Amino acid sequence: MSDFRQALRERILILDGAMGTMLQERGLQPGASPEAMNLEAPEVVEAVHREYVGAGADIIVSNSFGGSRTKLAHYRLQDRVAEVNRAAVEIARRAAGTSAFVAGSIGPTGRFLEPVGDAGFDEMVEIYGEQIQALVEGGADLLSFETFLDIRELRAAVIAAKSCCSLPLIAMMTFDDAGRTVLGSPPEAAAVTLDGLGVDLVGSNCGLGIDGIYTILKKMRAVTALPLIAQANAGLPELLNGETVFPGTPADMVAYHQQLAELGVRVIGGCCGTTPVHIRAMKQALSGQGSDWHHGPGKSFLSSRSAVTNVGVDAPCVIIGERINPTGKKGYSEELRQGKIAYVRREAQEQTAAGAALLDLNCGAPGVDEPLALERAVYAASSVSSAPLVLDSSDPTALEQGLKAADGRVLINSVSGEEKSLRLVLPLARKYGAAVIGLALDGEGIPETAEGRLQVAEKILFAAEQQGLSKRDLLVDCLTLTVSAEQERARESLRALRLVREKLGLNTVLGVSNISFGLPNRPVLSSVFFSMALEAGLGAAIINPKDERMMDAYRAGLVLLNQDPRAEEYIIHYSQQSPSVKAPAVQDGPMDIRQRLTAAIIEGDKDGIVPLIEQALDQGLESMEISNQGLLPGLEEVGRRFGAHQVFLPQVMLSAETMQTGFGRLKQESQGQPAESLGRILMATVEGDIHDIGKNIVATLLENHGFEIIDLGKNVATKTIVERALSEQVDAVVLSALMTTTLKQMGDTVECLRAAGVKVFTMVGGAVVTQAYADEIGADLYARDALEAVAKIKQLLAR
């Protein structure tokens, strides 16, 4: 076989189709491990691979999707990770021969990372590293990360791969029909994060048909120049005579081939429901479309879990909020020493609302564990703001801790021209897919002239490129000093901005407010200098976005420099007020304690909820009043915002954890008396299905709403569910299934419950469950997500 990366440039490659359903047709029992067949029935696995090779697939994917230690532990195979994964690649290689590449398949572990879940970042890197090492030893030509829901878990997996091999990497996430992953990432944020990490292809698999996948990839193309991969389902699953079928025909699967090729899709494959028949049609449809392709220059974006910001040299200037910095802030410094995050959360929200596109996080203060503090700050800011982050520290250990905690592609602030700084910081940027601010100073200090600062910037750029970074990964801080001390050097800062852009093609950044330090009426001087810097080509300004004079200069400057098309942002901001006579602020008055409790739940303020409950108790409120009038309305509002796609699962879970913290305090008031329950709910993932993330989320939210939960776990036998439903005298049974192959088991369980005379309501849900299927099997309720499950159960049991 020729080199995979070279083949990618020369032609569009066809990747194979579904594996799981093919194995089930050949004897794999529901709930059994597909990967175990690599050891127990390798000839069956090889036969499936050979069918895809015969259909014309250029890439054969190994039977190792669930080959991590975490997944194999469900089948007591956790000690055979190396054996299972090596065998998977070797089997695929025998089938592929010299006609196809072999891709080592890697899927998610089924766990969420902190703070949403309980998995640590280093733990996840180690788990994936073990699997990847075995795939490499088995002889894989490339690695394929598939069906990921959490961008941070995928970051860990890619970092693990980069640390132990140099194989080409495919990275795919799964999106719903609203264009988001389960944890709220849009395609743009996923693509920017993965591009920064240095993968070879980005794209999407599963969850959608080819039309939906095409829409996802169009959004990715807007922010990345990488080649793309499309791996769609054969349509969306439907129920036919009690069986799950995928209706997409081979003709349906090739309908978008021309558009995909024009978009820069270089690998096309199939996911659920696709067979060798589909793959053969896809291969034939590519005849004559395999011309050479070279992607254009990379694009400069930063990302959070849920948003992206353009920091390219041709993009409008962006605001970096500077307020999360302990310098001169005694209150924030004390919070850092106490391990609290209230200030970070508040400033993240307020600065984003005021117009900050990026948030600078600095936790360096005397007596502070800076690595731990920066990790907390990343979690806190990410939970309340979608703005990408700027990690501001001179401590490489703290930077690395913050980089591990981040969901997306962040900006490191900063590296200087000193050799030690270059040696310690640039490798972190490369490893974690970050961009970096280069300070135009070295061991001799800040050069007096613009030419001197340009020379330092050139040195930093050269060092960055030696580390594998590029121009799109670097912004240069041309530095400005207060004019109260060195008045003549302000002009040199402006000249340096122009020189760095013109000579090096790099974007620039400045701490604008430094210019006025030590002088009276600082906003006057700072805002005028800001306008001059914008005209000189400033690309990112570190300022206080709550300073209206600075923001006035910013908004006006963008209009005058044609960086705010049609003055749209300017009009939006100022249309509600006259520039000269502003309407008086409306005073709503202070919130009462119930409203403050509700706000704390909405904001996920775990640190602040107990002190608020203490205040409420001191004011004479009863526990039930605090719960029903303060806490529950907050969780209900979170549910409303989730339904409107205003918040996403991480925010929901943080609010739920805050609720649990509050309930923990209220339980102390009950003095051992059992809390009043809204009902007893039995929950289980049906037999044959080992997925329980969704069920666990529903259980957590139901508990927070006052229900008593009896959770039987996953892969639960129908007999057990029936017996426990009778013995526990529950009010409702909630069943979950993720896999298409376990849908029938859900129907069988509902039928057995009814036959046993269990007089309860049943609710079903899960990724492959639909309202039509719920109706067909006679379930009383269907819920498409956790918040809908809570709302429907509350409504049902209140009758």
# chains A, B, ... in the order shown; residues from 1 in each chain; ligands from 1

call {"tool": "residues_around", "arguments": {"residues": "region 353-360 of chain A", "least_positions_apart": "6", "cutoff": "8 Å", "atoms": "only C-alpha atoms", "output": "list in words"}}
result
Thr309, Val318, Ile319, Ile320, Gly321, Glu322, Arg323, Ile324, Asn325, Ala387, Pro388, Leu389, Val390, Leu391, Asp392, Pro545 and Lys546 of chain A

call {"tool": "write_last_selection", "arguments": {"atoms": "N, CA and C atoms", "output": "PDB file, in the first residue's frame"}}
result
ATOM      1  N   THR A 309     -14.113  31.588  18.015  1.00  0.00           N
ATOM      2  CA  THR A 309     -13.772  32.999  17.802  1.00  0.00           C
ATOM      3  C   THR A 309     -12.633  33.073  16.801  1.00  0.00           C
ATOM      4  N   VAL A 318     -10.684  41.510  18.354  1.00  0.00           N
ATOM      5  CA  VAL A 318     -11.525  40.904  19.382  1.00  0.00           C
ATOM      6  C   VAL A 318     -11.109  41.421  20.754  1.00  0.00           C
ATOM      7  N   ILE A 319     -12.051  41.401  21.685  1.00  0.00           N
ATOM      8  CA  ILE A 319     -11.813  41.866  23.041  1.00  0.00           C
ATOM      9  C   ILE A 319     -11.481  40.678  23.942  1.00  0.00           C
ATOM     10  N   ILE A 320     -10.369  40.796  24.676  1.00  0.00           N
ATOM     11  CA  ILE A 320     -10.006  39.817  25.694  1.00  0.00           C
ATOM     12  C   ILE A 320     -10.281  40.447  27.056  1.00  0.00           C
ATOM     13  N   GLY A 321     -11.246  39.878  27.780  1.00  0.00           N
ATOM     14  CA  GLY A 321     -11.583  40.416  29.097  1.00  0.00           C
ATOM     15  C   GLY A 321     -10.447  40.215  30.081  1.00  0.00           C
ATOM     16  N   GLU A 322     -10.005  41.289  30.750  1.00  0.00           N
ATOM     17  CA  GLU A 322      -8.811  41.250  31.597  1.00  0.00           C
ATOM     18  C   GLU A 322      -9.102  41.154  33.091  1.00  0.00           C
ATOM     19  N   ARG A 323     -10.367  41.102  33.492  1.00  0.00           N
ATOM     20  CA  ARG A 323     -10.728  41.310  34.891  1.00  0.00           C
ATOM     21  C   ARG A 323     -10.422  40.130  35.802  1.00  0.00           C
ATOM     22  N   ILE A 324     -10.272  38.921  35.262  1.00  0.00           N
ATOM     23  CA  ILE A 324     -10.011  37.760  36.122  1.00  0.00           C
ATOM     24  C   ILE A 324      -8.511  37.654  36.351  1.00  0.00           C
ATOM     25  N   ASN A 325      -8.032  38.588  37.170  1.00  0.00           N
ATOM     26  CA  ASN A 325      -6.603  38.723  37.454  1.00  0.00           C
ATOM     27  C   ASN A 325      -6.476  39.280  38.866  1.00  0.00           C
ATOM     28  N   ALA A 387     -17.336  31.830  25.896  1.00  0.00           N
ATOM     29  CA  ALA A 387     -16.145  32.459  25.320  1.00  0.00           C
ATOM     30  C   ALA A 387     -14.924  31.542  25.448  1.00  0.00           C
ATOM     31  N   PRO A 388     -14.140  31.389  24.385  1.00  0.00           N
ATOM     32  CA  PRO A 388     -12.870  30.661  24.501  1.00  0.00           C
ATOM     33  C   PRO A 388     -11.962  31.342  25.523  1.00  0.00           C
ATOM     34  N   LEU A 389     -11.010  30.584  26.060  1.00  0.00           N
ATOM     35  CA  LEU A 389     -10.231  31.042  27.191  1.00  0.00           C
ATOM     36  C   LEU A 389      -8.796  31.397  26.811  1.00  0.00           C
ATOM     37  N   VAL A 390      -8.232  32.330  27.590  1.00  0.00           N
ATOM     38  CA  VAL A 390      -6.829  32.707  27.495  1.00  0.00           C
ATOM     39  C   VAL A 390      -6.202  32.342  28.838  1.00  0.00           C
ATOM     40  N   LEU A 391      -5.268  31.413  28.856  1.00  0.00           N
ATOM     41  CA  LEU A 391      -4.650  30.955  30.097  1.00  0.00           C
ATOM     42  C   LEU A 391      -3.399  31.787  30.359  1.00  0.00           C
ATOM     43  N   ASP A 392      -3.460  32.564  31.428  1.00  0.00           N
ATOM     44  CA  ASP A 392      -2.459  33.596  31.702  1.00  0.00           C
ATOM     45  C   ASP A 392      -1.606  33.173  32.892  1.00  0.00           C
ATOM     46  N   PRO A 545     -13.847  45.060  29.485  1.00  0.00           N
ATOM     47  CA  PRO A 545     -14.986  45.303  28.593  1.00  0.00           C
ATOM     48  C   PRO A 545     -16.154  46.010  29.287  1.00  0.00           C
ATOM     49  N   LYS A 546     -16.074  46.124  30.607  1.00  0.00           N
ATOM     50  CA  LYS A 546     -17.133  46.838  31.328  1.00  0.00           C
ATOM     51  C   LYS A 546     -16.864  48.345  31.381  1.00  0.00           C
TER      52      LYS A 546
END

call {"tool": "residues_around", "arguments": {"residues": "Gln284 (chain A)", "least_positions_apart": "3", "cutoff": "12 Å", "atoms": "only C-alpha atoms", "output": "list in words"}}
result
Ile12, Leu13, Ile14, Ala55, Gly56, Ala57, Pro250, Ala251, Met253, Val254, His257, Val277, His278, Ile279, Arg280, Ala281, Ser287, Gly288, Gln289 and Gly290 of chain A

call {"tool": "write_last_selection", "arguments": {"atoms": "C-alpha atoms", "output": "mmCIF file, in the first residue's frame"}}
result
data_model
loop_
_atom_site.group_PDB
_atom_site.id
_atom_site.type_symbol
_atom_site.label_atom_id
_atom_site.label_comp_id
_atom_site.auth_asym_id
_atom_site.auth_seq_id
_atom_site.Cartn_x
_atom_site.Cartn_y
_atom_site.Cartn_z
ATOM 1 C CA ILE A 12 -11.300 10.187 -2.533
ATOM 2 C CA LEU A 13 -11.128 7.006 -0.457
ATOM 3 C CA ILE A 14 -13.990 4.707 0.467
ATOM 4 C CA ALA A 55 -17.108 -4.272 -2.369
ATOM 5 C CA GLY A 56 -14.227 -1.911 -3.095
ATOM 6 C CA ALA A 57 -13.454 -0.355 0.298
ATOM 7 C CA PRO A 250 -27.449 2.567 -1.944
ATOM 8 C CA ALA A 251 -28.839 5.255 -4.248
ATOM 9 C CA MET A 253 -26.092 7.078 0.092
ATOM 10 C CA VAL A 254 -24.493 8.392 -3.110
ATOM 11 C CA HIS A 257 -21.238 12.501 -3.568
ATOM 12 C CA VAL A 277 -24.029 -3.351 -1.093
ATOM 13 C CA HIS A 278 -23.990 0.311 -0.011
ATOM 14 C CA ILE A 279 -20.189 0.440 -0.080
ATOM 15 C CA ARG A 280 -20.054 -1.025 -3.600
ATOM 16 C CA ALA A 281 -22.485 1.642 -4.849
ATOM 17 C CA SER A 287 -15.652 6.962 -10.760
ATOM 18 C CA GLY A 288 -14.053 10.015 -12.345
ATOM 19 C CA GLN A 289 -14.166 12.142 -9.166
ATOM 20 C CA GLY A 290 -10.772 11.195 -7.679
#

call {"tool": "closest_atom_pairs", "arguments": {"of": "region 52-126 of chain A", "to": "region 628-649 of chain A", "cutoff": "12 Å", "atoms": "only C-alpha atoms", "output": "tab-separated table"}}
result
residue	atom	partner	partner_atom	distance
A:Phe112	CA	A:Leu649	CA	11.1
A:Pro115	CA	A:Leu649	CA	11.7
A:Val116	CA	A:Leu649	CA	8.5
A:Gly117	CA	A:Leu649	CA	11.2

call {"tool": "write_last_selection", "arguments": {"atoms": "C-alpha atoms", "output": "short mmCIF file (atom, residue, chain, number, x, y, z; two decimals), in the first residue's frame"}}
result
data_model
loop_
_atom_site.label_atom_id
_atom_site.label_comp_id
_atom_site.auth_asym_id
_atom_site.auth_seq_id
_atom_site.Cartn_x
_atom_site.Cartn_y
_atom_site.Cartn_z
CA PHE A 112 -17.70 11.70 31.11
CA PRO A 115 -16.40 18.16 36.11
CA VAL A 116 -19.38 16.68 34.24
CA GLY A 117 -18.38 13.11 35.16
#

call {"tool": "residues_around", "arguments": {"residues": "Glu375 (chain A)", "least_positions_apart": "5", "cutoff": "7 Å", "atoms": "only C-alpha atoms", "output": "list of chain:residue names"}}
result
A:Gln401, A:Gly402, A:Ala405

call {"tool": "closest_residue", "arguments": {"among": "A:Met172, A:Ala783, A:Ala725, A:Met624", "to": "Glu676 (chain A)", "atoms": "only C-alpha atoms"}}
result
A:Met624

call {"tool": "closest_residue", "arguments": {"among": "A:Gly417, A:Gly312, A:Pro326, A:Gly17", "to": "Arg472 (chain A)", "atoms": "only C-alpha atoms"}}
result
A:Gly312

call {"tool": "residues_around", "arguments": {"residues": "region 407-411 of chain A", "least_positions_apart": "5", "cutoff": "6 Å", "atoms": "only C-alpha atoms", "output": "PyMOL selection string"}}
result
chain A and resi 152+193+302-305+389-390+434-436

call {"tool": "residues_around", "arguments": {"residues": "region 696-706 of chain A", "least_positions_apart": "6", "cutoff": "8 Å", "atoms": "only C-alpha atoms", "output": "CSV table (one decimal) with N, CA and C atoms, in the first residue's frame"}}
result
chain,number,residue,atom,x,y,z
A,632,LEU,N,-36.3,24.3,43.3
A,632,LEU,CA,-36.9,23.6,42.2
A,632,LEU,C,-37.3,24.6,41.0
A,653,MET,N,-26.0,19.5,34.3
A,653,MET,CA,-25.5,18.6,35.3
A,653,MET,C,-24.9,19.5,36.4
A,656,ALA,N,-27.7,20.5,38.5
A,656,ALA,CA,-28.2,19.3,39.3
A,656,ALA,C,-27.3,19.1,40.5
A,659,MET,N,-28.0,21.6,43.1
A,659,MET,CA,-29.2,21.2,43.7
A,659,MET,C,-29.0,20.1,44.8
A,660,GLN,N,-28.2,19.1,44.4
A,660,GLN,CA,-27.8,18.1,45.4
A,660,GLN,C,-27.1,18.6,46.6
A,663,PHE,N,-29.8,20.2,48.7
A,663,PHE,CA,-30.6,19.2,49.4
A,663,PHE,C,-29.8,18.6,50.6
A,676,GLU,N,-40.2,13.8,52.1
A,676,GLU,CA,-41.4,13.5,51.4
A,676,GLU,C,-41.0,13.2,49.9
A,677,SER,N,-41.5,12.0,49.4
A,677,SER,CA,-41.2,11.6,48.1
A,677,SER,C,-42.3,11.8,47.1
A,678,LEU,N,-42.0,12.3,45.9
A,678,LEU,CA,-43.0,12.4,44.9
A,678,LEU,C,-43.4,11.1,44.2
A,679,GLY,N,-42.6,10.1,44.5
A,679,GLY,CA,-42.9,8.8,43.9
A,679,GLY,C,-41.6,7.9,43.8
A,683,MET,N,-35.4,2.2,37.7
A,683,MET,CA,-34.8,2.5,36.4
A,683,MET,C,-33.8,1.4,36.0
A,786,ALA,N,-33.3,13.9,29.0
A,786,ALA,CA,-33.5,13.8,30.4
A,786,ALA,C,-34.5,14.8,31.0
A,787,LEU,N,-34.5,16.0,30.5
A,787,LEU,CA,-35.4,17.0,31.0
A,787,LEU,C,-36.8,16.7,30.7
A,789,ALA,N,-38.0,13.7,30.3
A,789,ALA,CA,-38.4,12.6,31.1
A,789,ALA,C,-38.9,13.1,32.5
A,790,VAL,N,-38.2,14.0,33.1
A,790,VAL,CA,-38.6,14.6,34.4
A,790,VAL,C,-39.9,15.2,34.3

call {"tool": "residues_around", "arguments": {"residues": "region 519-534 of chain A", "least_positions_apart": "4", "cutoff": "9 Å", "atoms": "only C-alpha atoms", "output": "VMD selection string"}}
result
chain A and resid 317 482 to 484 490 493 to 494 497 510 512 to 515 538 to 539 541 547 549 to 554 556 to 558 561

call {"tool": "residues_around", "arguments": {"residues": "region 70-74 of chain A", "least_positions_apart": "4", "cutoff": "9 Å", "atoms": "only C-alpha atoms", "output": "ChimeraX atom specification"}}
result
/A:33,35-36,66,78-81,108-111,127,690

call {"tool": "write_last_selection", "arguments": {"atoms": "N, CA, C and O atoms", "output": "mmCIF file, in the first residue's frame"}}
result
data_model
loop_
_atom_site.group_PDB
_atom_site.id
_atom_site.type_symbol
_atom_site.label_atom_id
_atom_site.label_comp_id
_atom_site.auth_asym_id
_atom_site.auth_seq_id
_atom_site.Cartn_x
_atom_site.Cartn_y
_atom_site.Cartn_z
ATOM 1 N N SER A 33 -19.972 -9.068 23.606
ATOM 2 C CA SER A 33 -18.916 -8.165 23.149
ATOM 3 C C SER A 33 -18.524 -8.455 21.705
ATOM 4 O O SER A 33 -18.054 -9.556 21.403
ATOM 5 N N GLU A 35 -15.960 -7.237 20.271
ATOM 6 C CA GLU A 35 -14.507 -7.350 20.265
ATOM 7 C C GLU A 35 -14.043 -8.739 20.712
ATOM 8 O O GLU A 35 -12.963 -9.189 20.302
ATOM 9 N N ALA A 36 -14.825 -9.401 21.551
ATOM 10 C CA ALA A 36 -14.451 -10.747 21.995
ATOM 11 C C ALA A 36 -14.382 -11.711 20.821
ATOM 12 O O ALA A 36 -13.646 -12.711 20.866
ATOM 13 N N GLY A 66 -14.990 -0.847 20.770
ATOM 14 C CA GLY A 66 -15.124 -0.915 22.223
ATOM 15 C C GLY A 66 -13.945 -1.595 22.877
ATOM 16 O O GLY A 66 -14.104 -2.310 23.869
ATOM 17 N N GLN A 78 -10.942 -6.775 30.675
ATOM 18 C CA GLN A 78 -10.090 -5.605 30.859
ATOM 19 C C GLN A 78 -8.605 -5.941 30.919
ATOM 20 O O GLN A 78 -7.759 -5.073 30.668
ATOM 21 N N ASP A 79 -8.271 -7.185 31.221
ATOM 22 C CA ASP A 79 -6.865 -7.581 31.277
ATOM 23 C C ASP A 79 -6.346 -8.088 29.932
ATOM 24 O O ASP A 79 -5.183 -8.515 29.836
ATOM 25 N N ARG A 80 -7.199 -8.017 28.908
ATOM 26 C CA ARG A 80 -6.797 -8.549 27.605
ATOM 27 C C ARG A 80 -6.861 -7.463 26.517
ATOM 28 O O ARG A 80 -7.077 -7.746 25.340
ATOM 29 N N VAL A 81 -6.671 -6.203 26.940
ATOM 30 C CA VAL A 81 -6.747 -5.078 26.002
ATOM 31 C C VAL A 81 -5.766 -5.256 24.849
ATOM 32 O O VAL A 81 -6.133 -5.132 23.669
ATOM 33 N N PRO A 108 -15.607 5.916 22.209
ATOM 34 C CA PRO A 108 -15.623 6.506 23.550
ATOM 35 C C PRO A 108 -15.702 5.447 24.640
ATOM 36 O O PRO A 108 -16.135 4.315 24.396
ATOM 37 N N THR A 109 -15.299 5.827 25.843
ATOM 38 C CA THR A 109 -15.288 4.893 26.966
ATOM 39 C C THR A 109 -16.648 4.745 27.626
ATOM 40 O O THR A 109 -16.864 3.818 28.405
ATOM 41 N N GLY A 110 -17.555 5.689 27.344
ATOM 42 C CA GLY A 110 -18.846 5.674 28.027
ATOM 43 C C GLY A 110 -18.833 6.443 29.334
ATOM 44 O O GLY A 110 -19.830 6.465 30.056
ATOM 45 N N ARG A 111 -17.715 7.102 29.642
ATOM 46 C CA ARG A 111 -17.611 7.922 30.853
ATOM 47 C C ARG A 111 -17.435 9.383 30.458
ATOM 48 O O ARG A 111 -16.883 9.691 29.401
ATOM 49 N N ILE A 127 -5.838 5.425 29.553
ATOM 50 C CA ILE A 127 -6.721 4.368 29.043
ATOM 51 C C ILE A 127 -6.614 4.274 27.522
ATOM 52 O O ILE A 127 -6.471 3.180 26.960
ATOM 53 N N ILE A 690 -25.211 -2.186 27.421
ATOM 54 C CA ILE A 690 -24.292 -1.810 28.505
ATOM 55 C C ILE A 690 -24.131 -0.299 28.622
ATOM 56 O O ILE A 690 -23.237 0.186 29.312
#

call {"tool": "decode", "arguments": {"residues": "region 233-249 of chain A", "atoms": "N, CA and C atoms", "output": "compact mmCIF listing (two decimals), in the first residue's frame"}}
result
# COMPACT_ATOMS: atom_id res chain seq x y z
N ASN A 233 -25.15 7.24 8.53
CA ASN A 233 -26.03 6.08 8.63
C ASN A 233 -26.80 5.91 7.33
N ALA A 234 -27.34 4.74 7.11
CA ALA A 234 -28.22 4.51 5.96
C ALA A 234 -29.61 5.05 6.32
N GLY A 235 -29.69 6.37 6.42
CA GLY A 235 -30.93 7.01 6.83
C GLY A 235 -31.11 6.94 8.34
N LEU A 236 -32.25 7.41 8.81
CA LEU A 236 -32.58 7.36 10.23
C LEU A 236 -33.39 6.10 10.53
N PRO A 237 -33.14 5.45 11.67
CA PRO A 237 -33.78 4.16 11.94
C PRO A 237 -35.29 4.26 12.04
N GLU A 238 -35.95 3.22 11.52
CA GLU A 238 -37.40 3.10 11.59
C GLU A 238 -37.75 1.72 12.12
N LEU A 239 -38.96 1.60 12.62
CA LEU A 239 -39.43 0.31 13.13
C LEU A 239 -40.33 -0.35 12.11
N LEU A 240 -40.04 -1.60 11.81
CA LEU A 240 -40.84 -2.36 10.86
C LEU A 240 -41.06 -3.75 11.43
N ASN A 241 -42.31 -4.03 11.76
CA ASN A 241 -42.65 -5.33 12.35
C ASN A 241 -41.81 -5.65 13.59
N GLY A 242 -41.62 -4.62 14.42
CA GLY A 242 -40.90 -4.82 15.67
C GLY A 242 -39.39 -4.82 15.54
N GLU A 243 -38.88 -4.66 14.32
CA GLU A 243 -37.44 -4.66 14.11
C GLU A 243 -36.98 -3.28 13.67
N THR A 244 -35.77 -2.93 14.07
CA THR A 244 -35.20 -1.65 13.66
C THR A 244 -34.55 -1.81 12.29
N VAL A 245 -34.93 -0.95 11.36
CA VAL A 245 -34.35 -0.99 10.02
C VAL A 245 -33.87 0.40 9.64
N PHE A 246 -32.84 0.44 8.81
CA PHE A 246 -32.35 1.70 8.27
C PHE A 246 -32.77 1.77 6.80
N PRO A 247 -33.60 2.76 6.45
CA PRO A 247 -34.25 2.75 5.14
C PRO A 247 -33.38 3.24 3.98
N GLY A 248 -32.19 3.79 4.28
CA GLY A 248 -31.39 4.38 3.21
C GLY A 248 -30.91 3.34 2.21
N THR A 249 -31.21 3.57 0.96
CA THR A 249 -30.78 2.67 -0.11
C THR A 249 -29.38 3.06 -0.59
